[in-house]
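Next comes query-v2.tsv, a file with TSV, C-alpha atoms.
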chain	number	residue	atom	x	y	z
A	1	THR	CA	-48.64	-5.03	-29.93
A	2	GLU	CA	-46.30	-5.52	-32.86
A	3	ASP	CA	-45.37	-8.90	-34.35
A	4	THR	CA	-42.69	-9.22	-37.02
A	5	TYR	CA	-41.87	-12.33	-39.07
A	6	ALA	CA	-38.75	-12.35	-41.23
A	7	ALA	CA	-36.63	-14.50	-43.51
A	8	TYR	CA	-33.45	-13.73	-45.45
A	9	ALA	CA	-30.94	-15.18	-47.90
A	10	MET	CA	-27.45	-13.89	-48.75
A	11	ASN	CA	-24.24	-14.81	-50.50
A	12	THR	CA	-20.65	-13.51	-50.60
A	13	LEU	CA	-18.26	-13.64	-53.58
A	14	THR	CA	-14.54	-12.90	-53.23
A	15	TRP	CA	-11.83	-12.59	-55.87
A	16	GLN	CA	-8.36	-11.05	-55.37
A	17	ASP	CA	-8.90	-7.66	-53.67
A	18	THR	CA	-12.65	-7.44	-54.23
A	19	THR	CA	-15.57	-8.71	-52.16
A	20	LEU	CA	-19.23	-8.65	-53.18
A	21	ALA	CA	-21.97	-9.41	-50.65
A	22	PHE	CA	-25.61	-9.44	-51.72
A	23	GLY	CA	-28.91	-10.70	-50.38
A	24	VAL	CA	-32.56	-10.05	-49.66
A	25	ARG	CA	-34.70	-9.96	-46.50
A	26	VAL	CA	-38.50	-10.21	-46.30
A	27	GLU	CA	-40.47	-8.95	-43.29
A	28	HIS	CA	-44.16	-9.13	-42.47
A	29	THR	CA	-45.35	-6.89	-39.63
A	30	LYS	CA	-48.71	-6.79	-37.89
A	31	VAL	CA	-49.65	-4.03	-35.43
A	32	THR	CA	-52.73	-3.98	-33.21
A	33	GLY	CA	-53.84	-1.28	-30.77
A	34	ASP	CA	-56.44	-0.84	-28.03
A	35	ALA	CA	-57.53	2.35	-26.32
A	36	PHE	CA	-60.58	3.93	-24.67
A	37	GLU	CA	-62.63	6.81	-26.05
A	38	PHE	CA	-64.40	8.96	-23.45
A	39	ASP	CA	-67.72	10.60	-24.26
A	40	GLU	CA	-68.24	13.77	-22.21
A	41	ASP	CA	-72.00	13.83	-22.87
A	42	THR	CA	-72.68	10.32	-21.57
A	43	GLU	CA	-69.61	10.24	-19.29
A	44	GLU	CA	-68.90	6.73	-20.53
A	45	SER	CA	-65.81	5.13	-22.05
A	46	SER	CA	-65.90	2.73	-24.98
A	47	ALA	CA	-63.15	0.46	-26.28
A	48	VAL	CA	-61.49	1.34	-29.59
A	49	TYR	CA	-59.54	-1.24	-31.60
A	50	ALA	CA	-57.38	-0.82	-34.68
A	51	GLU	CA	-54.90	-2.92	-36.65
A	52	ASN	CA	-52.45	-2.52	-39.50
A	53	ASP	CA	-50.19	-4.97	-41.32
A	54	TYR	CA	-47.66	-4.77	-44.15
A	55	THR	CA	-44.99	-6.82	-45.93
A	56	LYS	CA	-41.69	-5.34	-47.13
A	57	VAL	CA	-38.80	-6.71	-49.22
A	58	PHE	CA	-35.24	-5.48	-48.51
A	59	PRO	CA	-32.60	-6.19	-51.19
A	60	SER	CA	-28.98	-5.08	-50.68
A	61	VAL	CA	-25.62	-5.19	-52.49
A	62	HIS	CA	-22.25	-4.29	-50.91
A	63	LEU	CA	-18.97	-3.96	-52.86
A	64	ARG	CA	-15.52	-3.66	-51.23
A	65	HIS	CA	-12.29	-3.17	-53.18
A	66	GLU	CA	-8.80	-2.62	-51.77
A	67	LEU	CA	-6.29	-0.62	-53.83
A	68	HIS	CA	-2.57	-1.37	-53.80
A	69	ASN	CA	-1.83	1.85	-51.90
A	70	GLY	CA	-3.93	0.66	-48.94
A	71	VAL	CA	-7.06	2.70	-49.71
A	72	ILE	CA	-10.29	0.73	-49.34
A	73	LEU	CA	-13.23	1.69	-51.55
A	74	ARG	CA	-16.78	0.74	-50.63
A	75	ALA	CA	-20.05	1.07	-52.53
A	76	ALA	CA	-23.44	-0.08	-51.34
A	77	TYR	CA	-27.08	-0.16	-52.31
A	78	SER	CA	-29.37	-1.09	-49.44
A	79	THR	CA	-32.95	-0.74	-48.29
A	80	ALA	CA	-34.28	-0.06	-44.82
A	81	LEU	CA	-37.44	0.58	-42.86
A	82	SER	CA	-38.20	3.08	-40.10
A	83	ARG	CA	-41.32	2.07	-38.22
A	84	PRO	CA	-43.62	4.62	-36.58
A	85	ASN	CA	-43.39	5.14	-32.82
A	86	PHE	CA	-45.84	2.96	-30.89
A	87	GLU	CA	-47.50	6.01	-29.37
A	88	ASP	CA	-48.11	7.52	-32.81
A	89	MET	CA	-50.07	4.45	-33.95
A	90	ALA	CA	-52.24	3.99	-30.85
A	91	PRO	CA	-55.93	4.90	-31.39
A	92	TYR	CA	-55.98	7.66	-28.78
A	93	VAL	CA	-57.15	11.25	-28.36
A	94	SER	CA	-55.48	13.34	-25.64
A	95	VAL	CA	-56.88	16.78	-24.75
A	96	GLU	CA	-55.05	19.41	-22.68
A	97	ASP	CA	-56.43	22.68	-21.26
A	98	ARG	CA	-60.00	21.86	-22.27
A	99	ASP	CA	-61.46	24.55	-20.00
A	100	THR	CA	-59.56	27.38	-21.71
A	101	GLY	CA	-61.26	26.78	-25.06
A	102	THR	CA	-57.88	27.08	-26.81
A	103	GLY	CA	-56.14	23.92	-25.65
A	104	LYS	CA	-54.21	21.16	-27.42
A	105	VAL	CA	-55.38	17.88	-28.92
A	106	ASP	CA	-52.94	15.04	-29.69
A	107	ILE	CA	-54.34	12.30	-31.92
A	108	GLY	CA	-52.88	8.92	-32.86
A	109	ASN	CA	-52.94	7.66	-36.43
A	110	THR	CA	-53.67	3.96	-36.77
A	111	SER	CA	-53.20	4.14	-40.56
A	112	LEU	CA	-49.62	5.43	-40.30
A	113	LYS	CA	-47.22	3.69	-42.70
A	114	PRO	CA	-43.54	2.96	-42.03
A	115	THR	CA	-40.93	4.98	-43.91
A	116	PHE	CA	-39.10	2.95	-46.58
A	117	ALA	CA	-35.64	4.00	-47.77
A	118	HIS	CA	-33.47	3.20	-50.80
A	119	ASN	CA	-29.86	4.00	-49.81
A	120	LEU	CA	-26.75	4.62	-51.91
A	121	ASP	CA	-23.38	4.96	-50.18
A	122	LEU	CA	-19.85	5.58	-51.46
A	123	MET	CA	-16.88	5.61	-49.10
A	124	ALA	CA	-13.08	5.64	-49.15
A	125	GLU	CA	-11.03	4.55	-46.11
A	126	TYR	CA	-7.33	4.67	-45.34
A	127	TYR	CA	-5.88	2.98	-42.27
A	128	ILE	CA	-2.93	4.71	-40.60
A	129	GLU	CA	-0.25	2.83	-38.69
A	130	PRO	CA	-0.31	1.86	-35.91
A	131	LEU	CA	-3.97	2.61	-35.05
A	132	GLY	CA	-5.85	5.22	-37.07
A	133	ILE	CA	-8.31	5.73	-39.89
A	134	ILE	CA	-9.24	8.55	-42.27
A	135	SER	CA	-12.46	8.17	-44.24
A	136	ALA	CA	-14.74	10.20	-46.49
A	137	GLY	CA	-18.13	9.27	-47.83
A	138	LEU	CA	-21.14	10.38	-49.84
A	139	PHE	CA	-24.68	9.19	-49.14
A	140	TYR	CA	-28.13	9.47	-50.68
A	141	LYS	CA	-31.47	8.23	-49.34
A	142	ASP	CA	-34.73	8.16	-51.26
A	143	LEU	CA	-37.65	7.94	-48.82
A	144	SER	CA	-41.26	6.92	-49.35
A	145	ASP	CA	-43.97	7.68	-46.78
A	146	PRO	CA	-41.83	9.87	-44.46
A	147	ILE	CA	-43.59	10.64	-41.18
A	148	PHE	CA	-44.41	14.20	-40.10
A	149	LYS	CA	-45.90	15.74	-37.00
A	150	ALA	CA	-48.65	17.81	-38.60
A	151	ARG	CA	-50.02	20.73	-36.57
A	152	SER	CA	-53.24	22.55	-37.39
A	153	THR	CA	-56.24	24.28	-35.77
A	154	PHE	CA	-59.78	22.91	-35.51
A	155	ASP	CA	-62.20	25.16	-37.40
A	156	THR	CA	-65.45	23.57	-36.23
A	157	GLY	CA	-66.85	21.05	-33.79
A	158	GLU	CA	-66.24	20.35	-30.13
A	159	PHE	CA	-62.60	21.46	-30.29
A	160	GLU	CA	-63.01	24.60	-32.41
A	161	GLY	CA	-59.97	26.84	-31.85
A	162	PHE	CA	-57.87	24.02	-30.34
A	163	ARG	CA	-54.42	23.17	-31.71
A	164	MET	CA	-54.18	19.63	-33.12
A	165	THR	CA	-51.05	17.49	-33.53
A	166	ARG	CA	-51.31	14.26	-35.52
A	167	PRO	CA	-48.59	12.19	-37.23
A	168	GLU	CA	-49.08	11.92	-40.99
A	169	ASN	CA	-47.36	10.31	-43.97
A	170	ALA	CA	-46.08	12.36	-46.88
A	171	LYS	CA	-45.46	10.82	-50.31
A	172	ARG	CA	-41.68	11.03	-50.54
A	173	GLY	CA	-38.50	12.74	-49.41
A	174	GLU	CA	-34.74	12.58	-49.86
A	175	ILE	CA	-31.55	13.04	-47.85
A	176	TYR	CA	-28.04	13.45	-49.23
A	177	GLY	CA	-24.70	14.71	-48.03
A	178	LEU	CA	-21.14	13.87	-47.07
A	179	GLU	CA	-19.30	12.68	-43.99
A	180	LEU	CA	-15.64	13.04	-43.00
A	181	ASN	CA	-13.90	11.14	-40.21
A	182	TRP	CA	-10.43	10.98	-38.65
A	183	GLN	CA	-9.58	8.77	-35.66
A	184	GLN	CA	-6.03	8.41	-34.44
A	185	THR	CA	-4.14	6.85	-31.55
A	186	LEU	CA	-0.80	8.63	-31.00
A	187	SER	CA	1.03	5.56	-29.75
A	188	ASN	CA	4.22	6.61	-31.56
A	189	LEU	CA	4.72	9.48	-29.08
A	190	PRO	CA	7.32	8.93	-26.32
A	191	GLY	CA	6.51	7.83	-22.78
A	192	ILE	CA	3.16	8.56	-21.20
A	193	TRP	CA	2.08	10.64	-24.22
A	194	SER	CA	1.67	7.43	-26.24
A	195	GLY	CA	-1.72	7.01	-24.59
A	196	LEU	CA	-3.19	10.06	-26.31
A	197	GLY	CA	-5.70	9.85	-29.13
A	198	PHE	CA	-8.38	11.90	-30.83
A	199	ILE	CA	-11.52	11.62	-32.93
A	200	ALA	CA	-13.02	14.21	-35.28
A	201	ASN	CA	-15.96	13.77	-37.64
A	202	TYR	CA	-18.25	16.06	-39.58
A	203	THR	CA	-21.47	15.46	-41.51
A	204	TYR	CA	-23.18	17.84	-43.93
A	205	THR	CA	-26.78	16.98	-44.81
A	206	GLU	CA	-29.35	18.35	-47.22
A	207	SER	CA	-32.92	17.09	-47.16
A	208	SER	CA	-36.30	17.78	-48.66
A	209	ALA	CA	-39.77	16.27	-48.44
A	210	TYR	CA	-43.24	16.91	-49.73
A	211	LEU	CA	-45.63	17.68	-46.90
A	212	PRO	CA	-48.90	15.79	-46.44
A	213	PHE	CA	-52.07	17.04	-48.14
A	214	GLY	CA	-50.05	18.53	-51.04
A	215	ILE	CA	-49.31	21.76	-49.15
A	216	GLY	CA	-45.70	22.21	-50.23
A	217	LYS	CA	-42.09	21.17	-49.79
A	218	THR	CA	-39.77	21.58	-46.80
A	219	ASP	CA	-36.74	20.16	-44.99
A	220	LEU	CA	-37.15	16.70	-43.53
A	221	ALA	CA	-37.89	16.62	-39.81
A	222	GLY	CA	-34.97	15.88	-37.50
A	223	THR	CA	-32.18	16.57	-40.03
A	224	SER	CA	-29.50	19.15	-39.20
A	225	LYS	CA	-27.40	20.60	-42.00
A	226	ASN	CA	-24.23	20.51	-39.90
A	227	SER	CA	-23.16	18.15	-37.14
A	228	TYR	CA	-19.75	17.23	-35.76
A	229	ASN	CA	-18.01	15.46	-32.89
A	230	LEU	CA	-14.60	16.27	-31.42
A	231	GLY	CA	-12.92	14.15	-28.78
A	232	VAL	CA	-9.59	13.75	-27.01
A	233	SER	CA	-8.78	10.54	-25.17
A	234	PHE	CA	-6.07	9.07	-22.98
A	235	ASP	CA	-5.55	5.39	-22.21
A	236	SER	CA	-2.92	3.64	-20.12
A	237	GLU	CA	-2.76	0.45	-18.10
A	238	ARG	CA	-4.70	2.02	-15.20
A	239	VAL	CA	-6.14	5.34	-16.41
A	240	SER	CA	-8.73	5.98	-19.12
A	241	ALA	CA	-10.18	9.42	-19.88
A	242	GLN	CA	-12.15	11.14	-22.65
A	243	LEU	CA	-13.30	14.69	-23.26
A	244	ALA	CA	-15.89	14.98	-26.06
A	245	TYR	CA	-17.84	17.83	-27.67
A	246	ASN	CA	-20.93	17.15	-29.81
A	247	TYR	CA	-22.77	19.72	-31.96
A	248	ARG	CA	-25.75	19.77	-34.29
A	249	SER	CA	-27.32	22.77	-36.02
A	250	GLU	CA	-31.01	23.65	-35.87
A	251	PHE	CA	-33.62	21.32	-37.35
A	252	ILE	CA	-37.36	21.29	-37.88
A	253	ASP	CA	-39.46	19.33	-35.38
A	254	SER	CA	-43.11	19.69	-36.49
A	255	TYR	CA	-45.07	21.42	-39.22
A	256	ASP	CA	-48.03	23.77	-39.10
A	257	THR	CA	-50.13	22.73	-42.08
A	258	ALA	CA	-52.16	25.95	-41.97
A	259	ASN	CA	-49.33	28.45	-41.38
A	260	PRO	CA	-45.71	27.47	-42.21
A	261	ASN	CA	-44.51	30.55	-40.29
A	262	LEU	CA	-45.45	28.65	-37.12
A	263	ASN	CA	-43.39	25.54	-37.85
A	264	VAL	CA	-41.58	24.37	-34.70
A	265	TYR	CA	-37.77	24.11	-34.74
A	266	TRP	CA	-35.14	22.86	-32.30
A	267	ASP	CA	-32.34	25.40	-32.01
A	268	GLU	CA	-28.68	24.46	-32.49
A	269	ARG	CA	-27.01	22.84	-29.51
A	270	GLY	CA	-23.57	21.72	-28.44
A	271	THR	CA	-22.69	19.63	-25.38
A	272	MET	CA	-19.40	18.67	-23.73
A	273	ASP	CA	-18.93	15.53	-21.61
A	274	PHE	CA	-16.00	14.09	-19.65
A	275	THR	CA	-15.34	10.57	-18.35
A	276	LEU	CA	-12.47	9.28	-16.21
A	277	SER	CA	-11.71	5.86	-14.74
A	278	TYR	CA	-8.85	4.47	-12.64
A	279	LYS	CA	-8.21	0.76	-12.28
A	280	VAL	CA	-7.19	0.17	-8.66
A	281	ASN	CA	-6.62	-3.56	-9.16
A	282	ASP	CA	-8.16	-6.52	-10.98
A	283	HIS	CA	-11.34	-6.21	-8.93
A	284	PHE	CA	-12.02	-2.49	-8.36
A	285	THR	CA	-12.22	0.52	-10.70
A	286	LEU	CA	-12.99	4.10	-9.66
A	287	PHE	CA	-14.88	6.22	-12.19
A	288	GLY	CA	-16.26	9.71	-12.64
A	289	GLU	CA	-18.54	11.23	-15.27
A	290	ALA	CA	-19.47	14.84	-15.98
A	291	SER	CA	-22.24	15.63	-18.49
A	292	ASN	CA	-23.19	18.88	-20.22
A	293	LEU	CA	-20.17	20.82	-18.95
A	294	THR	CA	-21.15	23.76	-21.16
A	295	ASP	CA	-24.58	23.93	-19.46
A	296	SER	CA	-26.22	24.20	-22.88
A	297	ARG	CA	-29.95	24.78	-23.32
A	298	ALA	CA	-32.50	22.98	-25.46
A	299	VAL	CA	-34.77	25.54	-27.14
A	300	ARG	CA	-37.76	25.03	-29.45
A	301	TYR	CA	-39.22	28.00	-31.30
A	302	GLN	CA	-42.00	28.74	-33.78
A	303	GLY	CA	-40.85	30.13	-37.10
A	304	GLU	CA	-38.41	32.68	-35.67
A	305	ARG	CA	-35.86	32.33	-32.86
A	306	SER	CA	-37.56	35.16	-30.93
A	307	ARG	CA	-40.78	33.12	-30.61
A	308	VAL	CA	-39.66	30.62	-28.00
A	309	TYR	CA	-42.00	27.65	-27.72
A	310	GLU	CA	-40.08	25.61	-25.15
A	311	HIS	CA	-36.96	26.29	-23.09
A	312	GLU	CA	-35.16	23.52	-21.20
A	313	GLN	CA	-31.98	23.96	-19.17
A	314	PHE	CA	-30.65	20.84	-17.52
A	315	GLY	CA	-27.52	22.09	-15.77
A	316	ARG	CA	-24.43	19.96	-15.29
A	317	ALA	CA	-24.59	16.38	-14.06
A	318	TRP	CA	-21.87	14.67	-12.01
A	319	GLN	CA	-21.46	11.03	-11.13
A	320	VAL	CA	-18.76	9.15	-9.23
A	321	GLY	CA	-18.66	5.51	-8.28
A	322	VAL	CA	-16.85	2.20	-7.92
A	323	ARG	CA	-17.12	-0.80	-10.20
A	324	ALA	CA	-16.39	-4.23	-8.78
A	325	ALA	CA	-15.69	-7.45	-10.68
A	326	PHE	CA	-15.01	-10.85	-9.12

Reformat the file's structure so that it appears as structure tokens.
Amino acid sequence: TEDTYAAYAMNTLTWQDTTLAFGVRVEHTKVTGDAFEFDEDTEESSAVYAENDYTKVFPSVHLRHELHNGVILRAAYSTALSRPNFEDMAPYVSVEDRDTGTGKVDIGNTSLKPTFAHNLDLMAEYYIEPLGIISAGLFYKDLSDPIFKARSTFDTGEFEGFRMTRPENAKRGEIYGLELNWQQTLSNLPGIWSGLGFIANYTYTESSAYLPFGIGKTDLAGTSKNSYNLGVSFDSERVSAQLAYNYRSEFIDSYDTANPNLNVYWDERGTMDFTLSYKVNDHFTLFGEASNLTDSRAVRYQGERSRVYEHEQFGRAWQVGVRAAF
């Protein structure tokens, strides 16, 4: 179970073309967990209980200023919290392939701390008539207690030779980069073409973090250096359609604390999806959806792309239906 109690206060100041919003939020969180531990020698299970609680303060300041040429400038300092997954905090031990003598052991960490972030953001926006926006931004995040999936091998004891995975906190990490965005509705085109529009955005990210146990520095888990989205849309009184392509480059998933050459990565992946709907009347709408048109694969590998750890291929998914509203 997780219980959170919170309170906040804020204020907004406005003068001419500038707005300043600032405030603070306080949260107290208490987590409790129950599980059973099985003893193979006695063939009995015993209850295990654990709890953890913490209080965090979240200040923030947001500044917005509009220039005379229509460009809007934004600057912000904010704080945020990323809580651990419930399953990572449960007091459990899960063993796979025990009979082989070289199986896997997943262990929960009841002492896991949430990741706290100090964020700095700078952004410029320009709105295009009649409906469009171009924006560019820089961001920086300073992280304390980032969470890692630490992988290692038991050297002694009942599970000697088994691979262990356990979530751990590192001391600190950081993320920084830039993002570019352009969204546009082409309503100034003649006739039916006025329903066309597009979206394009790109994010470049650099990250670093110090691994648990003082074993070195690496990229932060789950962060791709390059990601982008491209989409074309069409909207009219009855028809709505969108074709979208999403891409992210490879990123690290979990760390081998004994041998960094066996770190697990997700390979780069791009997917294309299509949606279409037709409004028959005020009550009925026909729709169709097609997912993963490129039939892309999800691949995890250890250290090098040739050492495939997991290979998933989902195929294409199709869905058609009718929506009714009365």

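The residue set within 8 Å of range 181-184 of chain A, counting all atoms listed in the file and dropping same-chain residues fewer than 2 places from it, reads Ile128, Leu131, Gly132, Ile133, Ile134, Ser135, Ala136, Glu179, Leu186, Gly197, Phe198, Ile199, Ala200, Asn201 and Tyr202 of chain A.
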
So what do you get for CA of Thr19 in chain A versus CA of Gly177 in chain A, distance-wise?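 Here the two named atoms are 25.5 Å from each other.
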
Nearby residues (only C-alpha atoms) at most 9 Å from range 145-157 of chain A, same-chain spacing under 5 positions excluded, as a VMD selection string: chain A and resid 82 84 112 to 116 162 to 173 209 to 212 220 to 221 253 to 259 263

Excluding Thr110 in chain A and any residue of its chain fewer than 6 positions from it, enumerate the residues within 10 Å of it, using only C-alpha atoms, and give them as a tab-separated table (two decimals) with C-alpha atoms, in the coordinates of the input.
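Below is the file result-v7.tsv, written as the result:
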chain	number	residue	atom	x	y	z
A	31	VAL	CA	-49.65	-4.03	-35.43
A	32	THR	CA	-52.73	-3.98	-33.21
A	33	GLY	CA	-53.84	-1.28	-30.77
A	49	TYR	CA	-59.54	-1.24	-31.60
A	50	ALA	CA	-57.38	-0.82	-34.68
A	51	GLU	CA	-54.90	-2.92	-36.65
A	52	ASN	CA	-52.45	-2.52	-39.50
A	86	PHE	CA	-45.84	2.96	-30.89
A	87	GLU	CA	-47.50	6.01	-29.37
A	88	ASP	CA	-48.11	7.52	-32.81
A	89	MET	CA	-50.07	4.45	-33.95
A	90	ALA	CA	-52.24	3.99	-30.85
A	91	PRO	CA	-55.93	4.90	-31.39
A	92	TYR	CA	-55.98	7.66	-28.78
A	167	PRO	CA	-48.59	12.19	-37.23

Around range 280-298 of chain A, with edges along x, y and z and 8 Å added on all six sides, what centre and edge lengths do you get, in Å to one decimal, as AutoDock Vina command-line options?
--center_x -19.6 --center_y 9.1 --center_z -16.9 --size_x 41.9 --size_y 47.3 --size_z 33.1

Which residue is closest to Ala298 in chain A? Choose from A:Gly70, A:Gly222, A:Gly315, A:Pro59 and count all atoms listed in the file.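 Nearest candidate to Ala298 in chain A out of A:Gly70, A:Gly222, A:Gly315, A:Pro59: A:Gly315.
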
Calculated over all atoms listed in the file, which of the candidates A:Val239, A:Ala317, A:Ala21, A:Ala80 has the smallest distance to His62 in chain A?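 The answer is A:Ala21, which sits nearest to His62 in chain A.
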
Could you pull the residues within 9 Å of Ser224 in chain A, counting all atoms listed in the file, minus those fewer than 2 positions along the same chain, as a ChimeraX atom specification? /A:204-207,221-222,226-227,248-252,268

Take CA of His65 in chain A and CA of Ala117 in chain A and report the distance between them in Å, one decimal.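 Separation of CA of His65 in chain A and CA of Ala117 in chain A: 25.0 Å.
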
Which residues, written as a list in words, have at least one atom at most 12 Å from Trp318 in chain A, with only C-alpha atoms counted and residues fewer than 6 positions away on the same chain left out?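 My reading of the contact set: Asp273, Phe274, Thr275, Leu276, Phe287, Gly288, Glu289, Ala290, Ser291, Asn292 and Leu293 of chain A.
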
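For the set A:Ser60, A:Thr271, A:Ser187, A:Ser46, the residue with the smallest atom-to-atom gap to Asp235 in chain A is A:Ser187, counting only C-alpha atoms.
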
For Ala325 in chain A, which residue among A:Glu312, A:Asp282, A:Leu63, A:Thr185 is the nearest when counting only C-alpha atoms?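 Of all the options, A:Asp282 lies closest to Ala325 in chain A.
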
May I ask for the distance between CA of Asn109 in chain A and CA of Tyr309 in chain A, given in Å to one decimal place? 24.4 Å

Where atoms are missing, can you supply all heavy atoms for range 4-11 of chain A and output the lot as a PDB file, keeping the file's coordinate frame?
ATOM      1  N   THR A   4     -43.450  -9.260 -35.771  1.00  0.00           N
ATOM      2  CA  THR A   4     -42.690  -9.220 -37.020  1.00  0.00           C
ATOM      3  C   THR A   4     -42.158 -10.608 -37.341  1.00  0.00           C
ATOM      4  O   THR A   4     -41.555 -11.263 -36.482  1.00  0.00           O
ATOM      5  CB  THR A   4     -41.522  -8.230 -36.922  1.00  0.00           C
ATOM      6  OG1 THR A   4     -42.024  -6.931 -36.613  1.00  0.00           O
ATOM      7  CG2 THR A   4     -40.745  -8.164 -38.231  1.00  0.00           C
ATOM      8  N   TYR A   5     -42.372 -11.050 -38.593  1.00  0.00           N
ATOM      9  CA  TYR A   5     -41.870 -12.330 -39.070  1.00  0.00           C
ATOM     10  C   TYR A   5     -40.926 -12.038 -40.240  1.00  0.00           C
ATOM     11  O   TYR A   5     -41.246 -11.246 -41.125  1.00  0.00           O
ATOM     12  CB  TYR A   5     -43.024 -13.217 -39.537  1.00  0.00           C
ATOM     13  CG  TYR A   5     -44.111 -13.385 -38.494  1.00  0.00           C
ATOM     14  CD1 TYR A   5     -45.175 -12.476 -38.426  1.00  0.00           C
ATOM     15  CD2 TYR A   5     -44.065 -14.423 -37.576  1.00  0.00           C
ATOM     16  CE1 TYR A   5     -46.163 -12.618 -37.465  1.00  0.00           C
ATOM     17  CE2 TYR A   5     -45.053 -14.572 -36.615  1.00  0.00           C
ATOM     18  CZ  TYR A   5     -46.103 -13.663 -36.559  1.00  0.00           C
ATOM     19  OH  TYR A   5     -47.070 -13.800 -35.609  1.00  0.00           O
ATOM     20  N   ALA A   6     -39.763 -12.688 -40.225  1.00  0.00           N
ATOM     21  CA  ALA A   6     -38.750 -12.350 -41.230  1.00  0.00           C
ATOM     22  C   ALA A   6     -38.014 -13.588 -41.718  1.00  0.00           C
ATOM     23  O   ALA A   6     -37.902 -14.598 -41.017  1.00  0.00           O
ATOM     24  CB  ALA A   6     -37.757 -11.343 -40.646  1.00  0.00           C
ATOM     25  N   ALA A   7     -37.497 -13.481 -42.937  1.00  0.00           N
ATOM     26  CA  ALA A   7     -36.630 -14.500 -43.510  1.00  0.00           C
ATOM     27  C   ALA A   7     -35.640 -13.804 -44.444  1.00  0.00           C
ATOM     28  O   ALA A   7     -35.948 -12.750 -45.006  1.00  0.00           O
ATOM     29  CB  ALA A   7     -37.443 -15.541 -44.288  1.00  0.00           C
ATOM     30  N   TYR A   8     -34.429 -14.368 -44.566  1.00  0.00           N
ATOM     31  CA  TYR A   8     -33.450 -13.730 -45.450  1.00  0.00           C
ATOM     32  C   TYR A   8     -32.559 -14.779 -46.108  1.00  0.00           C
ATOM     33  O   TYR A   8     -32.441 -15.912 -45.650  1.00  0.00           O
ATOM     34  CB  TYR A   8     -32.588 -12.728 -44.678  1.00  0.00           C
ATOM     35  CG  TYR A   8     -31.528 -13.357 -43.802  1.00  0.00           C
ATOM     36  CD1 TYR A   8     -30.235 -13.557 -44.283  1.00  0.00           C
ATOM     37  CD2 TYR A   8     -31.821 -13.750 -42.502  1.00  0.00           C
ATOM     38  CE1 TYR A   8     -29.259 -14.131 -43.489  1.00  0.00           C
ATOM     39  CE2 TYR A   8     -30.859 -14.323 -41.693  1.00  0.00           C
ATOM     40  CZ  TYR A   8     -29.577 -14.513 -42.199  1.00  0.00           C
ATOM     41  OH  TYR A   8     -28.630 -15.096 -41.404  1.00  0.00           O
ATOM     42  N   ALA A   9     -31.934 -14.361 -47.212  1.00  0.00           N
ATOM     43  CA  ALA A   9     -30.940 -15.180 -47.900  1.00  0.00           C
ATOM     44  C   ALA A   9     -29.830 -14.260 -48.381  1.00  0.00           C
ATOM     45  O   ALA A   9     -30.099 -13.120 -48.780  1.00  0.00           O
ATOM     46  CB  ALA A   9     -31.566 -15.915 -49.081  1.00  0.00           C
ATOM     47  N   MET A  10     -28.568 -14.732 -48.314  1.00  0.00           N
ATOM     48  CA  MET A  10     -27.450 -13.890 -48.750  1.00  0.00           C
ATOM     49  C   MET A  10     -26.316 -14.770 -49.274  1.00  0.00           C
ATOM     50  O   MET A  10     -26.284 -15.979 -49.041  1.00  0.00           O
ATOM     51  CB  MET A  10     -26.952 -13.012 -47.598  1.00  0.00           C
ATOM     52  CG  MET A  10     -26.360 -13.759 -46.420  1.00  0.00           C
ATOM     53  SD  MET A  10     -25.530 -12.658 -45.251  1.00  0.00           S
ATOM     54  CE  MET A  10     -24.114 -12.135 -46.248  1.00  0.00           C
ATOM     55  N   ASN A  11     -25.401 -14.113 -49.978  1.00  0.00           N
ATOM     56  CA  ASN A  11     -24.240 -14.810 -50.500  1.00  0.00           C
ATOM     57  C   ASN A  11     -23.079 -13.815 -50.587  1.00  0.00           C
ATOM     58  O   ASN A  11     -23.296 -12.600 -50.706  1.00  0.00           O
ATOM     59  CB  ASN A  11     -24.525 -15.400 -51.888  1.00  0.00           C
ATOM     60  CG  ASN A  11     -23.451 -16.376 -52.333  1.00  0.00           C
ATOM     61  OD1 ASN A  11     -22.719 -16.910 -51.506  1.00  0.00           O
ATOM     62  ND2 ASN A  11     -23.359 -16.608 -53.637  1.00  0.00           N
TER      63      ASN A  11
END
